[in-house]
Structures are given as structure tokens and as C-alpha cells.
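Asker: Okay, here's the structure, questions in a sec.
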Amino acid sequence: MVSLADIRHAQERIRDHVLATPLVYSPTFSAMTGARVFLKLENLQKAGSFKVRGAMNTILSRRASIGSRGVIAASAGNHAQGVAVAAQLAGVAATIVMPESVSISKEEATRGYGAEVLLRGSSLDESLAHAHERAAEGYTFIHPYDDPAVIAGQGTIALEIFEKLARPDLIVVPVGGGGLISGIATAAKALHPPVRVVGVQAAACPSAVAARRTGGPVRVAAANSIADGILVPTIGELPYALMERNVDEVVSVSEDRIAMAMVLLLERKRVLAEGAGAVPLAALLDSGIEVAPGSTVVLVISGGNVDTPLLGRIIRKGMLKNGRIVGISVVVDDTPGTLAQLLEVIARMRGNILHIRHERFLRDLPVQVIRVDLEFETRGHAHIGEIIGALRDHGYAVEVQ
């Protein structure tokens, strides 16, 4: 098992190699929830996520047994970069096995941190199998979550939280394989037993939820998700045991809620969080977690590694969900001035036009009319209702897309 003493030793071991990330208060999210909400910004950690903590502790605690071939790990993202950075800081060689389908940006980032990258397998499971095979050739394998040294390293986040907040009431943590939450919960419960620790998963891969329901780790089907960093089909054995002791609840959140939380973090706090890092806020705002008014809540924003091509799509999805943009279709006469009149109504209501498309040759349209598809920016759902109401008052039949 892992104890508070193990986590304190890990903190001393890695202190000079990792960042003590900020714990910042959010007036906006506090007002939205009635609680005092703080964000633990592990997206600002080296390599962009908490993973460097566990990797660093594992390498330093086992350095005497690491051979000349160095360490090996398998990952499609944050664990790869965390191990690469930790190995570079410790002065040991690192080999990272990644699936052949891994994003170019994550592959290049891992190489940039000094690791040798091997593209093997069509899935992470196949990459893990290859890494295990190579480990027998003289490498030291670093597991992403099911390892006491890794868990102790991740638990140092809780020590930093308690250095700033003596008695938080609730800590909300993303859950994938369980290494992060099991480390944080172990330390938090030892330091302040009344604190509630709640885990959050993507509904697309609820492995921890299923494990708690069935009484042990069980494999679940994983769908695609923007929270790809926590898409782990089977929670780890050791994390599960620690979670059963120390974690109060595990909930799941939908893709729409995750996207909306990412947008809110970016707009309201200028925090770029990946999907996995945004799930604590998504769960808090989804009313899936009981929060007492005035209580102190810490959200662990676990990482900020978002692929640039994906970021635009996620922002759009989140803005659609929270009513910041909307699409409508309106049929108008195909005569000069009608489009200008339509746009004038929207402009008067302070809608900001983003895209316009005309459709003249649809089969079900009379020849004397056109369909106009509009996308515009608004201030929220109430504003959308006001704009559509004004259009209908002017005689337009509006179809919301």
C-alpha cells in the first residue's frame, strides 16, 4: 500500500525537479456554485500535466537499479511526456512506446523531451505489451498508474494543497487508471479525515464507476472522448484498493459537459485544460456533486495538453452547449434587400454574425425563395431566445439547428 509517509518522502525526493503548481481562487466558479472554489493548476506543471511527479519519484527512488538502457514506458500522451521529462532531469535514458495512431504533436513533444519513441501497435494495449516485452531486455518499466512509487508521487499534489488550505471540504479529481486520485486521497484523508474526495470520469469510459459497482476492477468498453487522458478501460488493482479506503464517490460526466467546462476555464480563468483536466469543473457545475454553501472546494486541473487541431472543435462544441453560438435557418423571398433586413434584426439584438450560407436549389423550396443558414455569437441561452423572438415578431419562421 501507500502511506502519508511515502508521499512525504516522495515530496522531498522530487521537490527540486517539479513545480509546486499554483492554487488559485475563482470568483466566477464560486459565484456559480455558492462554494469557495480553488483550482490546482497541474496544467502548468512540467510537460503540461501531473504525470511528471509520479515518474520522477519512481526514477529517483529506483535509480540504483536502473541499468544502462534506462527506463521504458508506454503511453499515447501525458505519461509519455512525463516519463521523458523525468528521465531527462534524472540523467537516464528513456524509451517510450506509442501507438502508431498517436497524434503527431504528442509524438514530437515526447521526442523533444529527449526520449526515444517507438511506434508499435494499433492500440495502447498493444503498445503496453510491447513495452513489457522490451523491459525484459534490461529496461526498467514505469507503469502509468498501478505502482506505489507513481501513486506516492502523484499524492504530493495533496501536500501542496494543504500547505495553502488547512481544511478543504472537498477535493475533486479526474480518474483514469486511478493513480492520481488514490495518491491525493491517501494524503488528504490522513491530513484531514473529514475532507471529501470525489473522482470524476468521462461517461465514455466509466471503469472506476463500474469497479465500485462490481466490487473490483473490471474492463469496460471505451468510446471516443475529448477526455482521452482518462480513457482507461480497467482501473488499476492498487489504485482501486486505495480508492475503496479513501475516495468517497466517483461520478461521470458527458462529452457536452466536458467541452463546456473547457470553454469556461479558457474564457473565465484563461486556463487551457485538456478534457481530462476539465472534468472536475464539469461535474461540479453539472450538480452531480453535493456541495454545501460556503464550503471550500479544490478542483484538480490535471493537465493542459490539447492537440491544436482539436482545440478549435472543442471550443466550438462547448460554445454551442452553453449558448454562446447558435445556428438557425430562415426562408426569405429571393429579392433585393431581404437578406439585409434579416441581418438588421439580428444586429439590432446584438447578435454577432459568424457564418452565412444561401441555399437556392433545394428540392422542396419554391423558386421565388431562398433558405438562409446563419450562425451567430450570443451572450447565452436567454439572449438566443430574445433574438429568435424578435425574428418571429418580424414574421420570420425560424428553425433552430
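In the C-alpha cells, the first chain shown is A, the next is B, and so on; residue numbers restart at 1 for each chain, and ligands run from 1 in the order shown.
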What lies within 6 Å of range 126-130 of chain A using only C-alpha atoms, ignoring chain neighbours under 4 positions off, as a list in words?

Answerer: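 The neighbour list is Ala74, Val97, Met98, Pro99, Arg120 and Gly121 of chain A.
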
Asker: So that I can check the surroundings of range 82-92 of chain A, please list as a PyMOL selection string every protein, DNA and RNA residue that reaches within 10 Å of it, counting only C-alpha atoms and ignoring chain neighbours fewer than 5 positions away.

Answerer: chain A and resi 14+17-18+45-60+63+66-75+77+109-117+142-144

Asker: Skip range 155-167 of chain A itself and residues of its chain fewer than 4 positions away, then list as a list in words all residues within 6 Å of it, counting only C-alpha atoms.

Answerer: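 Answer for this query is Ile7, Gln11, Gly183, Ile184 and Ala188 of chain A.
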
Asker: With only C-alpha atoms as the atoms that count, which of A:Leu342, A:Leu266, A:Ile226, A:Val297 lies nearest to Arg313 in chain A?

Answerer: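 Of the candidates, the smallest distance to Arg313 in chain A is held by A:Ile226.
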
Asker: Give me the residues near Pro233 in chain A as a compact mmCIF listing (two decimals) with C-alpha atoms, in the first residue's frame, where near means some atom within 9 Å (using only C-alpha atoms) and where sequence neighbours in that chain fewer than 4 positions away do not count.

Answerer:
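So out.txt came out as:
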# COMPACT_ATOMS: atom_id res chain seq x y z
CA GLY A 176 -8.40 7.28 -15.40
CA GLY A 177 -6.29 4.39 -14.12
CA CYS A 205 -15.19 5.11 -20.17
CA PRO A 206 -16.57 4.66 -16.61
CA SER A 207 -14.11 2.00 -15.43
CA ALA A 208 -13.88 3.22 -11.81
CA VAL A 218 -13.47 -4.76 -14.41
CA ARG A 219 -12.88 -3.96 -18.06
CA VAL A 220 -15.39 -1.63 -19.71
CA ALA A 221 -15.85 -0.59 -23.32
CA ALA A 222 -14.28 2.78 -24.09

Asker: What is the CA of Thr308 in chain A-CA of Leu272 in chain A distance in Å, reported with one decimal?

Answerer: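 Computing the Euclidean distance for CA of Thr308 in chain A and CA of Leu272 in chain A yields 11.3 Å.
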
Asker: Enumerate, as a VMD selection string, the complete set of residues in range 59-166 of chain A that a backbone-based DSSP assignment places in alpha helix (DSSP H).

Answerer: chain A and resid 59 to 61 78 to 90 104 to 112 124 to 135 148 to 164

Asker: Measuring atom to atom with only C-alpha atoms, identify which of A:Pro148, A:Pro168, A:Gly138, A:Gly395 is nearest to Val345 in chain A.

Answerer: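 Between A:Pro148, A:Pro168, A:Gly138, A:Gly395, the residue approaching Val345 in chain A most closely is A:Gly395.
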
Asker: Would you compute the distance between CA of Arg348 in chain A and CA of Leu391 in chain A? Give it in Å to one decimal.

Answerer: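 Computed distance, CA of Arg348 in chain A to CA of Leu391 in chain A, equals 10.7 Å.
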
Asker: What does the structure give for the distance between CA of Pro239 in chain A and CA of Ala64 in chain A, in Å to one decimal?

Answerer: 25.8 Å
